[in-house]
file data13.cif (mmCIF, C-alpha atoms and all ligand atoms)
data_work
loop_
_atom_site.group_PDB
_atom_site.id
_atom_site.type_symbol
_atom_site.label_atom_id
_atom_site.label_comp_id
_atom_site.auth_asym_id
_atom_site.auth_seq_id
_atom_site.Cartn_x
_atom_site.Cartn_y
_atom_site.Cartn_z
ATOM 1 C CA MET D 6 0.000 0.000 0.000
ATOM 2 C CA SER D 7 1.492 3.385 -0.911
ATOM 3 C CA ALA D 8 1.514 6.062 1.799
ATOM 4 C CA SER D 9 -0.986 8.222 -0.095
ATOM 5 C CA ALA D 10 -3.433 5.304 -0.343
ATOM 6 C CA LEU D 11 -3.482 4.801 3.413
ATOM 7 C CA PRO D 12 -6.673 5.713 5.324
ATOM 8 C CA ALA D 13 -6.802 8.859 7.508
ATOM 9 C CA ILE D 14 -6.923 6.751 10.649
ATOM 10 C CA ALA D 15 -3.896 4.484 10.922
ATOM 11 C CA VAL D 16 -4.970 2.538 14.006
ATOM 12 C CA ASP D 17 -8.574 2.233 15.128
ATOM 13 C CA VAL D 18 -9.266 0.592 18.474
ATOM 14 C CA SER D 19 -12.964 0.197 19.165
ATOM 15 C CA ALA D 20 -14.787 -0.907 22.348
ATOM 16 C CA LEU D 21 -11.768 -3.053 23.133
ATOM 17 C CA ARG D 22 -11.630 -5.427 26.070
ATOM 18 C CA LEU D 23 -8.369 -7.251 26.734
ATOM 19 C CA VAL D 24 -8.070 -10.029 29.269
ATOM 20 C CA ARG D 25 -4.921 -11.674 30.629
ATOM 21 C CA ASP D 26 -5.139 -14.764 32.842
ATOM 22 C CA GLY D 27 -8.834 -14.141 33.465
ATOM 23 C CA GLN D 28 -8.202 -10.537 34.549
ATOM 24 C CA VAL D 29 -9.596 -7.594 32.612
ATOM 25 C CA VAL D 30 -6.639 -5.331 31.776
ATOM 26 C CA LEU D 31 -8.440 -2.903 29.439
ATOM 27 C CA ASP D 32 -12.160 -2.454 28.831
ATOM 28 C CA GLY D 33 -14.293 -0.180 26.655
ATOM 29 C CA VAL D 34 -11.176 1.315 25.053
ATOM 30 C CA ASP D 35 -11.618 3.509 21.956
ATOM 31 C CA ILE D 36 -8.445 4.978 20.421
ATOM 32 C CA ARG D 37 -7.929 6.571 17.043
ATOM 33 C CA VAL D 38 -4.373 7.181 15.850
ATOM 34 C CA PRO D 39 -4.403 9.746 13.013
ATOM 35 C CA LYS D 40 -2.306 8.826 9.989
ATOM 36 C CA GLY D 41 0.947 10.792 9.957
ATOM 37 C CA SER D 42 0.797 11.544 13.683
ATOM 38 C CA VAL D 43 3.194 10.793 16.469
ATOM 39 C CA THR D 44 0.829 9.466 19.116
ATOM 40 C CA ALA D 45 1.924 8.908 22.704
ATOM 41 C CA VAL D 46 0.167 6.233 24.724
ATOM 42 C CA LEU D 47 0.817 7.214 28.310
ATOM 43 C CA GLY D 48 -0.140 5.743 31.637
ATOM 44 C CA PRO D 49 1.191 4.541 34.953
ATOM 45 C CA SER D 50 3.037 1.253 35.279
ATOM 46 C CA GLY D 51 0.722 -1.741 34.961
ATOM 47 C CA SER D 52 -2.063 0.275 33.311
ATOM 48 C CA GLY D 53 -2.049 -1.970 30.225
ATOM 49 C CA LYS D 54 0.049 -0.079 27.675
ATOM 50 C CA SER D 55 2.129 -3.094 26.631
ATOM 51 C CA THR D 56 -1.008 -5.231 26.627
ATOM 52 C CA LEU D 57 -2.559 -2.775 24.173
ATOM 53 C CA LEU D 58 0.517 -3.101 21.944
ATOM 54 C CA ALA D 59 0.192 -6.897 22.089
ATOM 55 C CA ALA D 60 -3.325 -6.536 20.650
ATOM 56 C CA LEU D 61 -2.069 -4.131 17.978
ATOM 57 C CA MET D 62 0.565 -6.649 16.911
ATOM 58 C CA GLY D 63 -1.863 -9.572 16.884
ATOM 59 C CA GLU D 64 -0.276 -11.316 19.867
ATOM 60 C CA LEU D 65 -3.387 -11.010 22.046
ATOM 61 C CA ALA D 66 -6.896 -11.412 20.628
ATOM 62 C CA PRO D 67 -9.606 -9.041 21.909
ATOM 63 C CA ALA D 68 -12.108 -10.539 24.360
ATOM 64 C CA LYS D 69 -14.475 -7.894 22.937
ATOM 65 C CA GLY D 70 -14.277 -5.075 20.379
ATOM 66 C CA SER D 71 -11.778 -4.726 17.540
ATOM 67 C CA VAL D 72 -8.386 -3.403 16.461
ATOM 68 C CA THR D 73 -7.798 -2.331 12.874
ATOM 69 C CA VAL D 74 -4.515 -1.159 11.344
ATOM 70 C CA PHE D 75 -4.788 0.697 8.020
ATOM 71 C CA ASP D 76 -8.418 -0.464 7.777
ATOM 72 C CA ALA D 77 -7.499 -4.142 8.142
ATOM 73 C CA GLN D 78 -8.706 -6.014 11.189
ATOM 74 C CA VAL D 79 -5.679 -7.399 13.067
ATOM 75 C CA PRO D 80 -5.963 -11.135 12.383
ATOM 76 C CA ALA D 81 -5.921 -13.680 15.215
ATOM 77 C CA GLY D 82 -3.344 -16.466 15.325
ATOM 78 C CA LYS D 83 -0.048 -16.777 13.483
ATOM 79 C CA THR D 84 -1.589 -16.530 10.048
ATOM 80 C CA ARG D 85 -0.224 -15.343 6.707
ATOM 81 C CA ALA D 86 -2.545 -12.321 7.015
ATOM 82 C CA LEU D 87 -0.939 -11.380 10.327
ATOM 83 C CA LEU D 88 2.542 -11.733 8.831
ATOM 84 C CA ALA D 89 1.531 -9.424 5.977
ATOM 85 C CA LEU D 90 0.173 -6.851 8.419
ATOM 86 C CA ARG D 91 3.239 -7.129 10.651
ATOM 87 C CA LYS D 92 5.431 -6.182 7.685
ATOM 88 C CA GLN D 93 3.681 -2.812 7.761
ATOM 89 C CA MET D 94 4.775 -2.295 11.379
ATOM 90 C CA GLY D 95 8.284 -1.448 12.486
ATOM 91 C CA VAL D 96 8.563 -2.411 16.125
ATOM 92 C CA LEU D 97 11.108 -1.234 18.670
ATOM 93 C CA LEU D 98 10.508 -3.211 21.837
ATOM 94 C CA GLN D 99 11.953 -2.743 25.315
ATOM 95 C CA GLY D 100 15.485 -4.167 25.052
ATOM 96 C CA ASN D 101 17.026 -3.837 21.629
ATOM 97 C CA GLY D 102 17.056 -7.510 20.637
ATOM 98 C CA LEU D 103 20.244 -7.172 18.586
ATOM 99 C CA LEU D 104 22.004 -10.449 17.789
ATOM 100 C CA SER D 105 25.383 -10.322 19.488
ATOM 101 C CA ASP D 106 27.206 -12.503 16.916
ATOM 102 C CA LEU D 107 26.222 -10.240 14.019
ATOM 103 C CA THR D 108 27.656 -6.850 13.107
ATOM 104 C CA VAL D 109 25.532 -3.720 13.079
ATOM 105 C CA ALA D 110 25.064 -4.000 9.294
ATOM 106 C CA GLN D 111 24.187 -7.708 9.508
ATOM 107 C CA ASN D 112 21.604 -6.986 12.223
ATOM 108 C CA VAL D 113 19.938 -4.329 10.077
ATOM 109 C CA ALA D 114 20.084 -6.559 6.976
ATOM 110 C CA LEU D 115 18.364 -9.467 8.731
ATOM 111 C CA PRO D 116 14.697 -8.486 8.130
ATOM 112 C CA ILE D 117 15.474 -7.564 4.507
ATOM 113 C CA GLU D 118 17.182 -10.908 3.887
ATOM 114 C CA THR D 119 14.317 -12.752 5.590
ATOM 115 C CA HIS D 120 11.450 -11.030 3.797
ATOM 116 C CA THR D 121 12.818 -10.172 0.341
ATOM 117 C CA ARG D 122 14.882 -11.753 -2.421
ATOM 118 C CA LEU D 123 16.876 -8.638 -3.149
ATOM 119 C CA PRO D 124 20.481 -9.116 -4.334
ATOM 120 C CA THR D 125 23.260 -8.571 -1.812
ATOM 121 C CA ASP D 126 24.493 -5.285 -3.290
ATOM 122 C CA VAL D 127 20.979 -3.786 -3.066
ATOM 123 C CA ILE D 128 20.613 -4.997 0.536
ATOM 124 C CA ASP D 129 24.001 -3.473 1.402
ATOM 125 C CA ARG D 130 22.874 -0.146 -0.051
ATOM 126 C CA LEU D 131 19.557 -0.263 1.850
ATOM 127 C CA VAL D 132 21.379 -1.052 5.096
ATOM 128 C CA GLU D 133 23.692 1.881 4.487
ATOM 129 C CA LEU D 134 20.681 4.167 3.965
ATOM 130 C CA LYS D 135 18.969 2.968 7.173
ATOM 131 C CA LEU D 136 22.154 3.437 9.183
ATOM 132 C CA HIS D 137 22.592 6.866 7.648
ATOM 133 C CA ALA D 138 19.018 7.733 8.705
ATOM 134 C CA VAL D 139 19.931 7.074 12.355
ATOM 135 C CA GLY D 140 23.367 8.691 12.026
ATOM 136 C CA LEU D 141 25.421 5.511 12.440
ATOM 137 C CA ARG D 142 26.829 4.685 9.003
ATOM 138 C CA GLY D 143 30.358 4.725 10.445
ATOM 139 C CA LEU D 144 29.556 1.862 12.839
ATOM 140 C CA LYS D 145 28.366 -0.705 10.314
ATOM 141 C CA ASP D 146 31.153 -3.185 11.095
ATOM 142 C CA ALA D 147 30.901 -2.858 14.887
ATOM 143 C CA PHE D 148 29.415 -5.591 17.072
ATOM 144 C CA PRO D 149 26.596 -4.829 19.538
ATOM 145 C CA ARG D 150 28.940 -5.219 22.550
ATOM 146 C CA GLU D 151 31.011 -2.299 21.205
ATOM 147 C CA LEU D 152 28.038 0.099 21.205
ATOM 148 C CA SER D 153 26.750 2.469 23.873
ATOM 149 C CA GLY D 154 23.133 2.040 25.004
ATOM 150 C CA GLY D 155 22.004 4.925 22.813
ATOM 151 C CA GLN D 156 23.873 3.618 19.753
ATOM 152 C CA ALA D 157 22.418 0.123 20.241
ATOM 153 C CA ARG D 158 18.914 1.596 20.352
ATOM 154 C CA ARG D 159 19.591 3.536 17.142
ATOM 155 C CA VAL D 160 20.735 0.320 15.427
ATOM 156 C CA ALA D 161 17.540 -1.387 16.634
ATOM 157 C CA LEU D 162 15.615 1.571 15.220
ATOM 158 C CA ALA D 163 17.399 1.223 11.853
ATOM 159 C CA ARG D 164 16.491 -2.474 11.838
ATOM 160 C CA ALA D 165 12.843 -1.673 12.674
ATOM 161 C CA LEU D 166 12.840 0.663 9.657
ATOM 162 C CA ALA D 167 14.494 -1.883 7.349
ATOM 163 C CA LEU D 168 11.357 -2.880 5.436
ATOM 164 C CA ASP D 169 10.039 0.710 5.158
ATOM 165 C CA PRO D 170 6.976 0.136 7.358
ATOM 166 C CA PRO D 171 4.378 2.952 7.316
ATOM 167 C CA LEU D 172 3.666 2.416 11.040
ATOM 168 C CA MET D 173 6.297 2.529 13.783
ATOM 169 C CA ILE D 174 5.554 1.153 17.229
ATOM 170 C CA TYR D 175 7.821 1.988 20.137
ATOM 171 C CA ASP D 176 7.534 0.340 23.562
ATOM 172 C CA GLU D 177 9.317 2.436 26.190
ATOM 173 C CA PRO D 178 12.047 3.622 23.760
ATOM 174 C CA LEU D 179 13.779 5.833 26.350
ATOM 175 C CA THR D 180 14.062 3.330 29.183
ATOM 176 C CA GLY D 181 17.639 2.802 30.360
ATOM 177 C CA LEU D 182 19.094 5.734 28.401
ATOM 178 C CA ASP D 183 20.890 8.731 29.870
ATOM 179 C CA PRO D 184 19.245 12.126 29.211
ATOM 180 C CA ILE D 185 21.477 12.910 26.197
ATOM 181 C CA ALA D 186 20.879 9.550 24.483
ATOM 182 C CA ALA D 187 17.162 9.850 25.326
ATOM 183 C CA GLY D 188 17.128 13.265 23.666
ATOM 184 C CA VAL D 189 18.795 11.852 20.535
ATOM 185 C CA ILE D 190 16.263 8.994 20.274
ATOM 186 C CA THR D 191 13.328 11.350 20.857
ATOM 187 C CA GLU D 192 14.548 13.734 18.167
ATOM 188 C CA LEU D 193 15.086 10.810 15.778
ATOM 189 C CA MET D 194 11.590 9.400 16.333
ATOM 190 C CA GLY D 195 10.064 12.786 15.522
ATOM 191 C CA ARG D 196 12.320 13.479 12.539
ATOM 192 C CA LEU D 197 11.908 10.031 10.960
ATOM 193 C CA ASN D 198 8.138 10.274 11.327
ATOM 194 C CA LYS D 199 8.173 13.534 9.398
ATOM 195 C CA THR D 200 10.806 12.809 6.754
ATOM 196 C CA LEU D 201 9.662 9.260 5.977
ATOM 197 C CA GLY D 202 5.932 10.082 6.173
ATOM 198 C CA LEU D 203 5.285 7.517 8.925
ATOM 199 C CA THR D 204 2.730 7.149 11.696
ATOM 200 C CA SER D 205 4.280 6.494 15.111
ATOM 201 C CA VAL D 206 2.784 5.092 18.299
ATOM 202 C CA ILE D 207 5.009 5.563 21.330
ATOM 203 C CA VAL D 208 4.111 3.738 24.526
ATOM 204 C CA THR D 209 5.930 5.388 27.384
ATOM 205 C CA HIS D 210 5.805 6.770 30.870
ATOM 206 C CA HIS D 211 8.444 9.368 29.901
ATOM 207 C CA VAL D 212 5.715 11.985 29.449
ATOM 208 C CA HIS D 213 7.682 15.208 29.564
ATOM 209 C CA GLU D 214 10.477 13.966 27.276
ATOM 210 C CA THR D 215 8.093 12.526 24.672
ATOM 211 C CA LEU D 216 5.237 15.046 24.455
ATOM 212 C CA PRO D 217 7.247 17.722 22.566
ATOM 213 C CA ILE D 218 7.421 15.503 19.435
ATOM 214 C CA CYS D 219 3.799 14.290 19.702
ATOM 215 C CA ASP D 220 0.716 15.685 18.063
ATOM 216 C CA HIS D 221 -1.703 13.288 19.747
ATOM 217 C CA ALA D 222 -1.761 11.776 23.222
ATOM 218 C CA VAL D 223 -3.772 9.042 24.903
ATOM 219 C CA VAL D 224 -3.692 8.414 28.640
ATOM 220 C CA ILE D 225 -4.687 5.027 30.031
ATOM 221 C CA ALA D 226 -5.424 4.484 33.708
ATOM 222 C CA ASN D 227 -7.480 1.964 35.642
ATOM 223 C CA GLY D 228 -8.188 -0.105 32.530
ATOM 224 C CA ARG D 229 -9.687 2.665 30.422
ATOM 225 C CA VAL D 230 -8.802 5.741 28.385
ATOM 226 C CA VAL D 231 -8.948 8.783 30.667
ATOM 227 C CA PHE D 232 -7.728 11.292 28.060
ATOM 228 C CA GLN D 233 -7.325 11.574 24.289
ATOM 229 C CA GLY D 234 -6.331 14.779 22.491
ATOM 230 C CA SER D 235 -3.454 17.135 21.737
ATOM 231 C CA PRO D 236 -0.470 17.627 24.064
ATOM 232 C CA ALA D 237 -1.698 21.195 24.745
ATOM 233 C CA GLN D 238 -5.119 19.873 25.796
ATOM 234 C CA LEU D 239 -3.383 17.255 27.926
ATOM 235 C CA ASN D 240 -1.289 19.830 29.743
ATOM 236 C CA ALA D 241 -4.397 21.983 30.304
ATOM 237 C CA SER D 242 -6.521 19.081 31.583
ATOM 238 C CA ASP D 243 -7.885 19.287 35.118
ATOM 239 C CA ASP D 244 -9.082 15.682 35.125
ATOM 240 C CA PRO D 245 -7.821 14.224 38.430
ATOM 241 C CA TRP D 246 -6.542 11.008 36.730
ATOM 242 C CA VAL D 247 -4.578 13.024 34.190
ATOM 243 C CA ARG D 248 -3.267 15.529 36.726
ATOM 244 C CA GLN D 249 -2.048 12.858 39.130
ATOM 245 C CA PHE D 250 -0.164 11.101 36.347
ATOM 246 C CA LEU D 251 1.314 14.265 34.804
ATOM 247 C CA ASP D 252 2.271 15.783 38.148
ATOM 248 C CA GLY D 253 3.595 12.500 39.555
ATOM 249 C CA ALA D 254 1.480 12.943 42.699
ATOM 250 C CA ALA D 255 1.355 10.098 45.235
ATOM 251 C CA ASP D 256 -2.231 10.958 46.242
ATOM 252 C CA GLY D 257 -5.089 10.708 43.776
ATOM 253 C CA PRO D 258 -7.433 8.287 42.054
ATOM 254 C CA ILE D 259 -4.608 6.118 40.639
ATOM 255 C CA ALA D 260 -3.821 3.472 43.252
ATOM 256 C CA PHE D 261 -0.083 3.134 43.910
ATOM 257 C CA ASP D 262 -0.326 -0.659 44.057
ATOM 258 C CA ALA D 263 -3.390 -1.348 41.910
ATOM 259 C CA GLN D 264 -4.740 -4.897 41.863
ATOM 260 C CA PRO D 265 -5.970 -6.249 38.535
ATOM 261 C CA ARG D 266 -9.734 -6.414 38.339
ATOM 262 C CA SER D 267 -11.662 -9.672 37.986
ATOM 263 C CA TYR D 268 -13.074 -10.636 34.612
ATOM 264 C CA ALA D 269 -16.836 -10.271 35.045
HETATM 265 N N1 LIG B 1 1.842 -11.997 29.715
HETATM 266 C C1 LIG B 1 1.029 -11.659 30.714
HETATM 267 N N2 LIG B 1 0.277 -12.595 31.346
HETATM 268 C C2 LIG B 1 -0.554 -12.257 32.349
HETATM 269 N N3 LIG B 1 -0.730 -11.004 32.805
HETATM 270 C C3 LIG B 1 -0.017 -10.043 32.232
HETATM 271 C C4 LIG B 1 0.907 -10.312 31.154
HETATM 272 N N4 LIG B 1 1.473 -9.142 30.781
HETATM 273 C C5 LIG B 1 0.934 -8.190 31.567
HETATM 274 N N5 LIG B 1 0.059 -8.721 32.430
HETATM 275 C C6 LIG B 1 -0.731 -7.993 33.432
HETATM 276 O O1 LIG B 1 -1.501 -7.019 32.723
HETATM 277 C C7 LIG B 1 -1.527 -5.785 33.444
HETATM 278 C C8 LIG B 1 -1.009 -4.658 32.543
HETATM 279 O O2 LIG B 1 0.385 -4.883 32.271
HETATM 280 P P1 LIG B 1 1.152 -4.104 31.107
HETATM 281 O O3 LIG B 1 2.532 -4.673 31.049
HETATM 282 O O4 LIG B 1 0.337 -4.137 29.882
HETATM 283 O O5 LIG B 1 1.164 -2.634 31.709
HETATM 284 P P2 LIG B 1 2.076 -1.399 31.273
HETATM 285 O O6 LIG B 1 1.187 -0.205 31.355
HETATM 286 O O7 LIG B 1 2.722 -1.679 29.959
HETATM 287 O O8 LIG B 1 3.140 -1.371 32.419
HETATM 288 P P3 LIG B 1 4.681 -0.875 32.373
HETATM 289 O O9 LIG B 1 4.632 0.606 32.129
HETATM 290 O O10 LIG B 1 5.173 -1.209 33.758
HETATM 291 O O11 LIG B 1 5.368 -1.658 31.291
HETATM 292 C C9 LIG B 1 -0.707 -5.988 34.714
HETATM 293 O O12 LIG B 1 -1.620 -6.305 35.772
HETATM 294 C C10 LIG B 1 0.161 -7.191 34.393
HETATM 295 O O13 LIG B 1 0.433 -7.923 35.557
#

call {"tool": "encode", "arguments": {"input": "data13.cif", "output": "structure tokens", "more": "lines below"}}
Ligand SMILES: Nc1ncnc2c1ncn2[C@@H]1O[C@H](COP(=O)(O)OP(=O)(O)OP(=O)(O)O)[C@@H](O)[C@H]1O
result
Amino acid sequence: MSASALPAIAVDVSALRLVRDGQVVLDGVDIRVPKGSVTAVLGPSGSGKSTLLAALMGELAPAKGSVTVFDAQVPAGKTRALLALRKQMGVLLQGNGLLSDLTVAQNVALPIETHTRLPTDVIDRLVELKLHAVGLRGLKDAFPRELSGGQARRVALARALALDPPLMIYDEPLTGLDPIAAGVITELMGRLNKTLGLTSVIVTHHVHETLPICDHAVVIANGRVVFQGSPAQLNASDDPWVRQFLDGAADGPIAFDAQPRSYA
């Protein structure tokens, strides 16, 4: 699908209920991710952000409701249809998942070699372009153990971009990085979204670092969406759930040690 043929809503989550081990994690969740946006999915630890991503990637089937990505319902099970949809998603998960025995270039080449039959010289050129996009062309022959945390995350980002997916999904991309490396990754996520014409969904609790590159924000708490709108609207919100999360207050409606709720 060419970028211009994509629908205006990249990800549409409707009346979604997600259950893990008999416990309702999310219920009645409606989220619309506008095409071309950088959308932050925010919420306290254990609120269900990663569980939502699992549904987006077809790893967890809805107990109720639906998830569509570029107008296609996310298929259940490890089907061919799911594989095809997953090729449209570049995913940067917590931990970089780089293979330690492979060089930087070999790590980035892996998805291209797996999913295409392109000749080696074309793959080499594509890898060079992806590494250039994250500012690491000079490190193509390095091994993961020789990289700093920020460099390793940039390599993982180049690999996530390898197949030119129109949708990027980031799960806690700033975790474990020092403030400078976190700033570099944040700037890259925003710049790549713009220059490559992507849609990005960033799951994070790094609110203040991430919001400046976002044009849409969703806050999840207590198993539901408590806010959806622009970063300016988020900052202006006086909703007690939103305020407690943004201000990092110990007292408020969000329980510090929330128990999962029973599946009714
Ligand atoms: N694989 C799993 N099996 C069973 N329960 C799970 C599983 N993964 C998460 N949960 C439960 O689902 C709830 C939501 O967890 P989830 O990891 O989605 O939250 P989160 O908002 O991503 O948290 P964090 O910010 O700490 O990563 C928690 O109660 C958690 O214990």

call {"tool": "resolve_selection", "arguments": {"input": "data13.cif", "expression": "the PyMOL selection byres (((chain D and resi 136-138) around 9) and not hetatm)", "output": "PDB file with C-alpha atoms, keeping the file's coordinate frame"}}
result
ATOM      1  CA  VAL D 109      25.532  -3.720  13.079  1.00  0.00           C
ATOM      2  CA  ALA D 110      25.064  -4.000   9.294  1.00  0.00           C
ATOM      3  CA  VAL D 113      19.938  -4.329  10.077  1.00  0.00           C
ATOM      4  CA  LEU D 131      19.557  -0.263   1.850  1.00  0.00           C
ATOM      5  CA  VAL D 132      21.379  -1.052   5.096  1.00  0.00           C
ATOM      6  CA  GLU D 133      23.692   1.881   4.487  1.00  0.00           C
ATOM      7  CA  LEU D 134      20.681   4.167   3.965  1.00  0.00           C
ATOM      8  CA  LYS D 135      18.969   2.968   7.173  1.00  0.00           C
ATOM      9  CA  VAL D 139      19.931   7.074  12.355  1.00  0.00           C
ATOM     10  CA  GLY D 140      23.367   8.691  12.026  1.00  0.00           C
ATOM     11  CA  LEU D 141      25.421   5.511  12.440  1.00  0.00           C
ATOM     12  CA  ARG D 142      26.829   4.685   9.003  1.00  0.00           C
ATOM     13  CA  GLY D 143      30.358   4.725  10.445  1.00  0.00           C
ATOM     14  CA  LEU D 144      29.556   1.862  12.839  1.00  0.00           C
ATOM     15  CA  LYS D 145      28.366  -0.705  10.314  1.00  0.00           C
ATOM     16  CA  ARG D 159      19.591   3.536  17.142  1.00  0.00           C
ATOM     17  CA  VAL D 160      20.735   0.320  15.427  1.00  0.00           C
ATOM     18  CA  ALA D 163      17.399   1.223  11.853  1.00  0.00           C
ATOM     19  CA  ARG D 164      16.491  -2.474  11.838  1.00  0.00           C
ATOM     20  CA  LEU D 193      15.086  10.810  15.778  1.00  0.00           C
ATOM     21  CA  LEU D 197      11.908  10.031  10.960  1.00  0.00           C
TER      22      LEU D 197
END

call {"tool": "atom_distance", "arguments": {"input": "data13.cif", "atom1": "atom O12 of ligand LIG 1 (chain B)", "atom2": "atom CA of D:Gly51"}}
result
5.2 Å

call {"tool": "residues_near_ligand", "arguments": {"input": "data13.cif", "ligand": "ligand LIG 1 (chain B)", "cutoff": "9 Å", "atoms": "all atoms listed in the file", "output": "PyMOL selection string"}}
result
chain D and resi 24-31+47-59+99+176-177+208-210+225-226+228+263-266

call {"tool": "atom_distance", "arguments": {"input": "data13.cif", "atom1": "atom CA of D:Ala60", "atom2": "atom CA of D:Gly257"}}
result
28.9 Å

call {"tool": "resolve_selection", "arguments": {"input": "data13.cif", "expression": "the PyMOL selection byres (((chain D and resi 212) around 10) and not hetatm)", "output": "list in words"}}
result
Ala45, Val46, Leu47, Gly48, Val208, Thr209, His210, His211, His213, Glu214, Thr215, Leu216, Pro217, Ala222, Pro236, Phe250 and Leu251 of chain D

call {"tool": "closest_residue", "arguments": {"input": "data13.cif", "among": "D:Asn198, D:Ser71, D:Thr121, D:Gln238", "to": "D:Leu23", "atoms": "all atoms listed in the file"}}
result
D:Ser71

call {"tool": "resolve_selection", "arguments": {"input": "data13.cif", "expression": "the PyMOL selection byres (((chain D and resi 239) around 10) and not hetatm)", "output": "VMD selection string"}}
result
chain D and resid 216 221 to 224 232 to 238 240 to 244 247 to 248 251

call {"tool": "closest_residue", "arguments": {"input": "data13.cif", "among": "D:Cys219, D:Leu172, D:Leu203, D:Val189", "to": "D:Arg91", "atoms": "only C-alpha atoms"}}
result
D:Leu172

call {"tool": "closest_residue", "arguments": {"input": "data13.cif", "among": "D:Lys40, D:Arg150, D:Arg22, D:Arg122", "to": "D:Leu107", "atoms": "only C-alpha atoms"}}
result
D:Arg150

call {"tool": "residues_around", "arguments": {"input": "data13.cif", "residues": "D:Ala157", "least_positions_apart": "3", "cutoff": "10 Å", "atoms": "all atoms listed in the file", "output": "ChimeraX atom specification"}}
result
/D:100-103,109,141,148-154,160-163

call {"tool": "atom_distance", "arguments": {"input": "data13.cif", "atom1": "atom CA of D:Ile207", "atom2": "atom CA of D:Val43"}}
result
7.4 Å

call {"tool": "axis_aligned_box", "arguments": {"input": "data13.cif", "around": "stretch 116-130 of chain D", "padding_each_side": "3 Å", "output": "JSON"}}
result
{"center_x": 18.0, "center_y": -6.4, "center_z": 1.9, "size_x": 19.0, "size_y": 18.6, "size_z": 18.5}

call {"tool": "residues_near_point", "arguments": {"input": "data13.cif", "point": "(10.3, -4.5, 7.7)", "cutoff": "6 Å", "atoms": "only C-alpha atoms", "output": "ChimeraX atom specification"}}
result
/D:92,116,167-170

call {"tool": "residues_around", "arguments": {"input": "data13.cif", "residues": "D:Ile128", "least_positions_apart": "5", "cutoff": "9 Å", "atoms": "all atoms listed in the file", "output": "NGL selection string"}}
result
:D and (114 or 117-118 or 123 or 133)

call {"tool": "residues_around", "arguments": {"input": "data13.cif", "residues": "D:Met173", "least_positions_apart": "4", "cutoff": "7 Å", "atoms": "all atoms listed in the file", "output": "ChimeraX atom specification"}}
result
/D:94-96,204-206
